[in-house]
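Novice: Just one file: target.cif, with mmCIF, C-alpha atoms.
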```cif
data_final
#
loop_
_atom_site.label_atom_id
_atom_site.label_comp_id
_atom_site.auth_asym_id
_atom_site.auth_seq_id
_atom_site.Cartn_x
_atom_site.Cartn_y
_atom_site.Cartn_z
CA MET A 20 -13.16 36.36 29.08
CA THR A 21 -12.23 39.80 27.81
CA PHE A 22 -11.67 40.81 24.19
CA LEU A 23 -7.92 40.86 24.91
CA ASP A 24 -8.04 37.27 26.13
CA GLU A 25 -10.04 36.10 23.11
CA THR A 26 -8.00 37.71 20.36
CA ILE A 27 -4.56 38.90 21.37
CA ALA A 28 -3.50 36.67 24.19
CA LEU A 29 -4.42 33.31 22.66
CA PRO A 30 -1.89 30.54 23.42
CA VAL A 31 0.51 29.76 20.58
CA GLY A 32 0.61 26.04 21.28
CA VAL A 33 3.26 23.38 21.85
CA THR A 34 6.57 23.81 20.02
CA LEU A 35 8.30 20.92 18.29
CA ASP A 36 11.22 21.12 20.73
CA ARG A 37 8.94 20.93 23.74
CA PHE A 38 6.92 18.09 22.21
CA ILE A 39 10.08 16.08 21.51
CA LYS A 40 11.34 16.66 25.05
CA ARG A 41 8.04 15.59 26.59
CA ASN A 42 7.96 12.39 24.55
CA GLN A 43 11.63 11.48 24.72
CA ASP A 44 11.04 8.63 27.15
CA ALA A 45 8.94 6.89 24.47
CA PHE A 46 11.91 6.78 22.08
CA PRO A 47 13.84 3.52 21.78
CA PHE A 48 17.16 3.73 23.68
CA ALA A 49 16.20 7.23 24.88
CA THR A 50 19.42 9.15 25.50
CA GLY A 51 18.53 12.47 23.88
CA GLU A 52 20.42 11.71 20.66
CA LEU A 53 17.35 10.94 18.58
CA SER A 54 15.64 14.02 19.98
CA GLN A 55 18.56 16.17 18.86
CA LEU A 56 18.59 14.48 15.46
CA LEU A 57 14.95 15.40 14.90
CA ARG A 58 15.76 18.97 15.91
CA ASP A 59 18.61 19.04 13.38
CA ILE A 60 16.21 17.98 10.64
CA ALA A 61 13.78 20.71 11.71
CA ILE A 62 16.56 23.33 11.56
CA ALA A 63 17.51 22.27 8.03
CA ALA A 64 13.83 22.35 7.03
CA LYS A 65 13.58 25.95 8.21
CA ILE A 66 16.58 26.91 6.09
CA VAL A 67 15.26 25.08 3.02
CA ASN A 68 11.88 26.75 3.55
CA ARG A 69 13.66 30.12 3.41
CA GLU A 70 15.44 29.19 0.18
CA ILE A 71 12.21 28.01 -1.43
CA ASN A 72 10.43 31.21 -0.48
CA LYS A 73 13.07 33.17 -2.39
CA ALA A 74 12.40 31.25 -5.61
CA GLY A 75 11.43 33.62 -8.38
CA LEU A 76 13.30 36.47 -6.71
CA VAL A 77 16.75 34.95 -7.01
CA ASP A 78 18.14 32.40 -9.46
CA VAL A 79 17.39 29.14 -7.62
CA THR A 80 14.88 27.56 -9.99
CA GLY A 81 15.43 25.38 -13.03
CA ALA A 82 17.85 22.57 -13.83
CA ILE A 83 21.60 22.73 -13.26
CA GLY A 84 22.48 20.52 -16.24
CA THR A 85 23.53 17.38 -14.34
CA SER A 86 21.73 14.14 -13.48
CA ASN A 87 21.51 12.23 -10.20
CA VAL A 88 22.26 8.53 -9.76
CA GLN A 89 18.78 7.64 -11.11
CA GLY A 90 19.41 9.57 -14.31
CA GLU A 91 16.97 12.33 -13.37
CA MET A 92 17.81 15.94 -14.15
CA GLN A 93 18.92 17.72 -10.98
CA GLN A 94 17.27 21.01 -10.15
CA LYS A 95 19.09 23.86 -8.43
CA LEU A 96 16.85 23.55 -5.40
CA ASP A 97 17.55 19.79 -5.25
CA MET A 98 21.21 20.54 -4.61
CA ILE A 99 20.51 23.46 -2.28
CA ALA A 100 18.29 21.24 -0.12
CA HIS A 101 20.80 18.38 -0.30
CA ILE A 102 23.64 20.60 0.90
CA ARG A 103 21.55 22.14 3.70
CA PHE A 104 20.46 18.78 5.10
CA MET A 105 23.95 17.30 4.78
CA ARG A 106 25.42 20.19 6.74
CA ALA A 107 22.76 20.10 9.45
CA LEU A 108 23.07 16.34 9.96
CA ARG A 109 26.87 16.40 9.87
CA ASN A 110 27.19 19.35 12.22
CA GLY A 111 24.55 18.02 14.61
CA GLY A 112 26.83 15.10 15.45
CA GLU A 113 24.12 12.46 15.88
CA VAL A 114 24.41 10.85 12.43
CA ALA A 115 27.25 8.57 11.31
CA GLY A 116 26.21 8.18 7.68
CA ILE A 117 23.64 9.48 5.21
CA VAL A 118 22.08 8.17 2.02
CA SER A 119 20.62 10.87 -0.20
CA GLU A 120 18.78 10.67 -3.50
CA GLU A 121 21.39 13.09 -4.85
CA GLU A 122 24.41 10.90 -4.02
CA GLU A 123 25.27 7.47 -5.42
CA ASN A 124 27.10 6.24 -2.32
CA ILE A 125 26.86 6.59 1.44
CA VAL A 126 27.95 10.01 2.71
CA MET A 127 30.26 9.55 5.70
CA THR A 128 29.77 12.39 8.19
CA GLY A 129 32.93 11.81 10.23
CA ASN A 130 30.76 11.26 13.33
CA ASP A 131 31.76 7.61 13.78
CA ASP A 132 30.63 7.61 17.42
CA ALA A 133 27.07 8.51 16.42
CA ARG A 134 24.40 5.82 16.78
CA TYR A 135 22.11 6.69 13.88
CA VAL A 136 22.04 6.75 10.08
CA VAL A 137 19.63 8.72 7.89
CA ALA A 138 18.16 8.09 4.44
CA ILE A 139 16.69 11.19 2.83
CA ASP A 140 15.12 12.62 -0.29
CA PRO A 141 16.09 16.26 0.31
CA LEU A 142 13.55 17.77 -2.07
CA ASP A 143 10.91 15.61 -3.69
CA GLY A 144 8.96 17.12 -6.59
CA SER A 145 11.39 19.99 -7.02
CA SER A 146 10.56 20.38 -10.74
CA ASN A 147 7.22 21.78 -9.53
CA ILE A 148 8.90 24.76 -7.89
CA ASP A 149 8.90 26.73 -11.16
CA VAL A 150 5.09 26.80 -11.05
CA ASN A 151 4.77 27.28 -7.28
CA VAL A 152 3.42 23.80 -6.53
CA SER A 153 3.95 22.06 -3.17
CA ILE A 154 7.18 20.10 -2.74
CA GLY A 155 8.69 18.22 0.18
CA THR A 156 11.46 16.44 2.06
CA ILE A 157 11.19 12.76 3.11
CA PHE A 158 13.47 11.18 5.72
CA SER A 159 14.01 7.89 7.50
CA ILE A 160 16.14 7.16 10.59
CA TYR A 161 17.76 3.88 11.60
CA ARG A 162 19.81 2.83 14.60
CA ARG A 163 23.08 1.58 13.11
CA LEU A 164 24.09 -2.10 13.23
CA SER A 165 27.83 -1.57 12.82
CA PRO A 166 29.89 -0.99 15.98
CA VAL A 167 29.92 2.56 17.29
CA GLY A 168 33.32 4.11 16.62
CA THR A 169 33.68 2.50 13.18
CA LYS A 170 32.59 3.59 9.71
CA VAL A 171 29.01 2.80 8.81
CA THR A 172 28.39 0.03 6.30
CA LEU A 173 25.83 -0.83 3.63
CA ASP A 174 24.08 -3.15 6.08
CA ASP A 175 23.22 -0.18 8.30
CA PHE A 176 20.92 1.08 5.55
CA LEU A 177 19.56 -2.24 4.29
CA GLN A 178 17.80 -3.24 7.50
CA GLY A 179 14.29 -3.07 6.04
CA GLY A 180 11.27 -0.91 6.73
CA ASP A 181 10.36 -2.45 10.08
CA ALA A 182 13.77 -1.44 11.49
CA GLN A 183 13.05 2.30 11.20
CA VAL A 184 13.11 4.12 14.53
CA ALA A 185 11.66 7.33 13.07
CA ALA A 186 10.46 8.70 9.76
CA GLY A 187 8.82 11.84 8.53
CA TYR A 188 8.40 14.46 5.86
CA VAL A 189 8.31 18.21 5.47
CA LEU A 190 5.74 19.77 3.13
CA TYR A 191 6.57 23.18 1.73
CA GLY A 192 3.22 24.53 0.55
CA SER A 193 0.70 27.18 1.58
CA SER A 194 2.24 26.54 4.98
CA THR A 195 5.31 24.51 5.90
CA VAL A 196 4.41 21.36 7.83
CA LEU A 197 6.66 18.75 9.47
CA VAL A 198 5.06 15.34 10.12
CA TYR A 199 6.89 12.51 11.85
CA THR A 200 6.54 9.28 13.79
CA THR A 201 8.79 7.37 16.15
CA GLY A 202 6.45 4.37 16.22
CA HIS A 203 4.10 5.95 18.76
CA GLY A 204 1.57 7.63 16.51
CA VAL A 205 1.89 10.45 13.97
CA ASN A 206 1.99 14.17 14.75
CA GLY A 207 2.26 17.23 12.53
CA PHE A 208 3.74 20.65 13.20
CA THR A 209 3.22 23.90 11.28
CA TYR A 210 6.03 26.43 10.90
CA GLU A 211 5.39 29.92 12.25
CA SER A 212 7.99 31.97 10.41
CA SER A 213 7.76 35.14 12.52
CA LEU A 214 8.67 33.12 15.62
CA GLY A 215 10.92 30.66 13.83
CA GLU A 216 9.22 27.67 15.47
CA PHE A 217 7.24 24.60 14.48
CA PHE A 218 4.03 24.33 16.52
CA LEU A 219 1.90 21.23 17.04
CA SER A 220 -1.04 21.61 14.65
CA TYR A 221 -2.03 18.03 13.77
CA PRO A 222 -1.93 15.95 16.98
CA THR A 223 -2.32 12.17 16.72
CA ILE A 224 -3.12 12.01 13.01
CA LYS A 225 -5.41 9.16 11.96
CA ILE A 226 -6.24 8.55 8.31
CA PRO A 227 -9.94 7.78 7.68
CA GLU A 228 -10.55 4.08 6.97
CA ASP A 229 -12.37 5.01 3.78
CA GLY A 230 -11.85 7.84 1.34
CA SER A 231 -13.13 9.26 -1.91
CA ILE A 232 -9.85 10.50 -3.43
CA TYR A 233 -7.53 8.57 -5.73
CA SER A 234 -4.14 9.86 -6.82
CA ILE A 235 -2.30 8.48 -9.83
CA ASN A 236 -0.50 9.73 -12.95
CA ASP A 237 -3.20 8.98 -15.50
CA GLY A 238 -0.73 9.66 -18.31
CA ASN A 239 0.56 6.11 -17.73
CA ALA A 240 -2.94 4.58 -17.90
CA LEU A 241 -2.22 2.41 -20.96
CA ASP A 242 0.58 0.69 -19.03
CA PHE A 243 -1.21 0.09 -15.72
CA PRO A 244 -1.54 -3.52 -14.48
CA GLU A 245 -5.05 -4.84 -15.04
CA PRO A 246 -6.05 -4.90 -11.33
CA ILE A 247 -5.15 -1.20 -11.01
CA SER A 248 -7.14 -0.33 -14.14
CA ASP A 249 -10.12 -2.26 -12.79
CA TYR A 250 -9.96 -0.49 -9.44
CA LEU A 251 -9.72 2.91 -11.14
CA ASP A 252 -12.85 2.06 -13.15
CA THR A 253 -14.55 1.35 -9.82
CA CYS A 254 -13.39 4.72 -8.46
CA ARG A 255 -14.82 6.52 -11.48
CA THR A 256 -18.10 4.63 -11.22
CA ARG A 257 -18.38 5.75 -7.60
CA ARG A 258 -17.64 9.35 -8.69
CA TYR A 259 -14.51 9.54 -6.55
CA SER A 260 -12.33 12.62 -6.97
CA SER A 261 -9.09 12.34 -8.93
CA ARG A 262 -6.38 14.46 -7.29
CA TYR A 263 -2.76 14.27 -8.44
CA ILE A 264 -0.16 16.99 -7.86
CA GLY A 265 2.89 15.10 -9.10
CA SER A 266 4.60 15.81 -5.79
CA LEU A 267 4.65 12.68 -3.64
CA VAL A 268 4.67 14.53 -0.31
CA GLY A 269 1.81 16.80 -1.33
CA ASP A 270 -0.37 13.96 -2.61
CA PHE A 271 0.41 11.82 0.43
CA HIS A 272 -0.27 14.60 2.95
CA ARG A 273 -3.68 15.43 1.46
CA ASN A 274 -4.78 11.79 1.49
CA LEU A 275 -3.40 11.27 5.01
CA LEU A 276 -5.63 14.02 6.35
CA LYS A 277 -8.72 13.52 4.18
CA GLY A 278 -8.63 9.82 3.34
CA GLY A 279 -7.69 8.43 -0.04
CA ILE A 280 -5.30 6.23 -1.95
CA TYR A 281 -2.10 6.94 -3.87
CA PHE A 282 -0.66 4.67 -6.57
CA TYR A 283 2.59 4.47 -8.45
CA PRO A 284 2.29 1.03 -10.09
CA PRO A 285 4.86 -0.68 -12.31
CA THR A 286 4.73 0.17 -16.01
CA ALA A 287 6.50 -1.01 -19.13
CA LYS A 288 9.00 1.83 -18.67
CA THR A 289 9.51 1.15 -14.96
CA PRO A 290 8.68 -2.55 -14.43
CA ASN A 291 9.95 -2.48 -10.84
CA GLY A 292 8.16 0.75 -10.02
CA LYS A 293 9.63 4.24 -9.98
CA LEU A 294 9.75 5.39 -6.36
CA ARG A 295 12.78 4.70 -4.18
CA LEU A 296 12.19 2.10 -1.50
CA LEU A 297 14.68 3.33 1.12
CA TYR A 298 13.98 7.05 1.33
CA GLU A 299 10.49 7.41 -0.17
CA CYS A 300 8.41 4.24 0.24
CA TYR A 301 9.66 2.92 3.59
CA PRO A 302 9.24 6.20 5.52
CA LEU A 303 5.78 6.92 4.12
CA ALA A 304 4.73 3.32 4.80
CA PHE A 305 5.89 3.68 8.42
CA ILE A 306 3.89 6.89 8.78
CA ILE A 307 0.72 5.53 7.14
CA GLU A 308 0.71 2.40 9.30
CA GLN A 309 1.16 4.48 12.44
CA ALA A 310 -1.79 6.60 11.29
CA GLY A 311 -3.99 3.52 10.79
CA GLY A 312 -3.58 3.03 7.04
CA LEU A 313 -1.88 0.49 4.80
CA ALA A 314 0.95 0.41 2.27
CA THR A 315 1.78 -2.31 -0.26
CA ASP A 316 3.93 -2.74 -3.35
CA GLY A 317 1.01 -4.52 -4.99
CA LYS A 318 2.08 -7.95 -3.76
CA GLN A 319 3.00 -7.63 -0.11
CA ARG A 320 3.13 -5.27 2.85
CA LEU A 321 5.55 -2.53 1.83
CA MET A 322 7.50 -2.56 5.09
CA GLU A 323 8.36 -6.23 4.50
CA VAL A 324 9.72 -5.76 0.97
CA LYS A 325 13.38 -6.80 1.02
CA ILE A 326 15.89 -4.14 0.09
CA LYS A 327 19.08 -5.06 -1.77
CA ASN A 328 20.58 -1.74 -2.82
CA LEU A 329 20.47 1.90 -1.73
CA HIS A 330 18.51 3.27 -4.67
CA GLN A 331 16.21 0.30 -5.25
CA ARG A 332 12.89 1.19 -6.84
CA SER A 333 9.47 -0.03 -5.81
CA ALA A 334 5.83 0.18 -6.78
CA LEU A 335 3.58 1.83 -4.20
CA CYS A 336 -0.08 1.63 -3.20
CA ILE A 337 -0.71 3.56 0.01
CA GLY A 338 -3.60 5.13 1.86
CA SER A 339 -6.88 4.40 3.65
CA THR A 340 -7.17 0.84 4.91
CA ASN A 341 -10.38 -0.19 3.15
CA MET A 342 -9.27 1.29 -0.17
CA VAL A 343 -5.91 -0.51 -0.14
CA LYS A 344 -7.60 -3.76 0.91
CA GLU A 345 -9.97 -3.48 -2.03
CA VAL A 346 -7.03 -3.14 -4.42
CA GLU A 347 -5.41 -6.19 -2.80
CA LYS A 348 -8.66 -8.14 -3.20
CA ILE A 349 -8.97 -7.28 -6.90
CA THR A 350 -5.32 -8.21 -7.44
CA LEU A 351 -5.78 -11.58 -5.72
CA GLN A 352 -8.90 -12.33 -7.77
CA LYS A 353 -7.03 -11.59 -11.01
CA GLU A 354 -4.17 -13.84 -9.97
CA GLU A 355 -6.57 -16.67 -9.12
CA MET A 356 -8.32 -16.30 -12.48
CA LEU A 357 -5.00 -16.50 -14.34
CA ALA A 358 -3.93 -19.53 -12.29
CA ALA A 359 -7.19 -21.30 -13.11
CA LYS A 360 -6.71 -20.94 -16.86
#
```
Show me, as structure tokens, the structure contained in the file I just sent.
Specialist:
Amino acid sequence: MTFLDETIALPVGVTLDRFIKRNQDAFPFATGELSQLLRDIAIAAKIVNREINKAGLVDVTGAIGTSNVQGEMQQKLDMIAHIRFMRALRNGGEVAGIVSEEEENIVMTGNDDARYVVAIDPLDGSSNIDVNVSIGTIFSIYRRLSPVGTKVTLDDFLQGGDAQVAAGYVLYGSSTVLVYTTGHGVNGFTYESSLGEFFLSYPTIKIPEDGSIYSINDGNALDFPEPISDYLDTCRTRRYSSRYIGSLVGDFHRNLLKGGIYFYPPTAKTPNGKLRLLYECYPLAFIIEQAGGLATDGKQRLMEVKIKNLHQRSALCIGSTNMVKEVEKITLQKEEMLAAK
């Protein structure tokens, strides 16, 4: 092989579009619609990536002075990302309705003949943008239950985690990475901005069964349930590494690749947990299970937790199989001890 072959003429890899096309036959009800929907999400992610990269140069950081349906202060980039994804999904024509963290009710796209609905957190961790910390987008896709040609209904979004046909996230960090699953494994793609393409960079992701990283907001330590506190003591005794960004996508992505566990347990302030079940917990649970890990709300498999409203909150314990199982074991032991008293 010549120097030219080794350095200049290296292959660039498989693009997201080509990967989707090659694997389309593995999609449920393969007609090309889901493939196009994933492409629409990738297009919006490219645009949001561009907007994020301008932060600090133009006035897109900071709060806008309004709150979302959860009472959280909306950031300028929250709304920019929300608008970009709404436009891409509406204009793509494959989505009949959307639930976003930034909207209280279902957003009707006008595409009543479309077969899919999407639940999305357009920009998770956006308050970190002011200090240049990784942030992300989380999405979940369902095949609608309501008749095609009619308006979507609440039931289309309250099908439960196991009904997802696809889920994924985009991490905007040192590089921009799109990770998704359609129930046939997990693959990740890195954005090459000069070519404007996502290229396959993390094929067939599998989370290690064990890990040495735990991720939790230690500022809430006094309110943690006893089993979580006990497990954290075990982690410290084993000299595990504590890694917590405060950006769900960033923390999840690191643990997915390296092995680890992420917690957001219930506290006195948020007794039902803080994270949103529909567009944060369900999609990440789908991904982690497809990668060989586990996700629970502390009591049961996360994907089986019943959903009753669009913005329902949940506790979350997610990551490497053996680590999550150990938390479940400690929790069960505590429950048995209390029952015996």
Novice: Can you pull out the residues contacting A:Lys344? Cut-off 12 Å, using only C-alpha atoms, and skip same-chain residues under 4 positions away; I want them as number ranges by chain.
Specialist: A: 228-229, 250, 280, 312-315, 317-320, 336-340, 348-351
Novice: Identify, on the basis of all atoms listed in the file, every residue whose closest approach to A:Val171 does not exceed 8 Å; exclude the query and any residue fewer than 3 positions from it along the same chain; express the result as a ChimeraX atom specification.
Specialist: /A:115-116,127,131,163,165,175
Novice: Name the residues, using the chain letters and numbers of the file, that sit within 8 Å of (4.7, 0.1, -17.8) when counting all atoms listed in the file, and give them as a ChimeraX atom specification.
Specialist: /A:239,241-244,285-290
Novice: Just checking: using only C-alpha atoms, which residue out of A:Gly32, A:Gly230, A:Gly179, A:Gly129 ends up closest to A:Glu216?
Specialist: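 The answer is A:Gly32, which sits nearest to A:Glu216.
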Novice: Would you pick out the contacts of A:Ile117 at 9 Å or less, using only C-alpha atoms, so that residues sharing its chain but fewer than 5 positions from it are not included, and give the list as a ChimeraX atom specification?
Specialist: /A:105,108-109,124-128,136-139,176
Novice: Interatomic distance between atom CA of A:Asp59 and atom CA of A:Phe218?
Specialist: 15.8 Å
Novice: Wanna dump the stretch 158-261 of chain A-stretch 38-43 of chain A contacts at 10 Å for me, each residue with its shortest atom pair and the distance in Å to one decimal, counting only C-alpha atoms, ordered by chain and number, as a Markdown table?
Specialist:
```
| residue | atom | partner | partner_atom | distance |
| --- | --- | --- | --- | --- |
| A:Thr201 | CA | A:Asn42 | CA | 9.8 |
| A:His203 | CA | A:Asn42 | CA | 9.5 |
| A:Asn206 | CA | A:Phe38 | CA | 9.8 |
| A:Phe208 | CA | A:Phe38 | CA | 9.9 |
| A:Phe218 | CA | A:Phe38 | CA | 8.9 |
| A:Leu219 | CA | A:Phe38 | CA | 7.9 |
```
Novice: Separation of atom CA of A:Ile306 and atom CA of A:Ala100, in Å?
Specialist: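 Interatomic distance, atom CA of A:Ile306 to atom CA of A:Ala100: 22.2 Å.
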Novice: If you measure from atom CA of A:Val196 to atom CA of A:Tyr210, what distance in Å do you get, rounded to one decimal?
Specialist: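 It comes out at 6.1 Å.
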Novice: Nearest to A:Glu354: which of A:Pro284, A:Phe271, A:Glu245, A:Asp174 is it, counting all atoms listed in the file?
Specialist: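 Closest to A:Glu354, using all atoms listed in the file: A:Glu245.
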Novice: Nearest to A:Ala185 among A:Ala240, A:Ile235, A:Leu57, A:Met356, with distances taken over only C-alpha atoms: which residue is it?
Specialist: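 Using only C-alpha atoms, the shortest distance to A:Ala185 belongs to A:Leu57.
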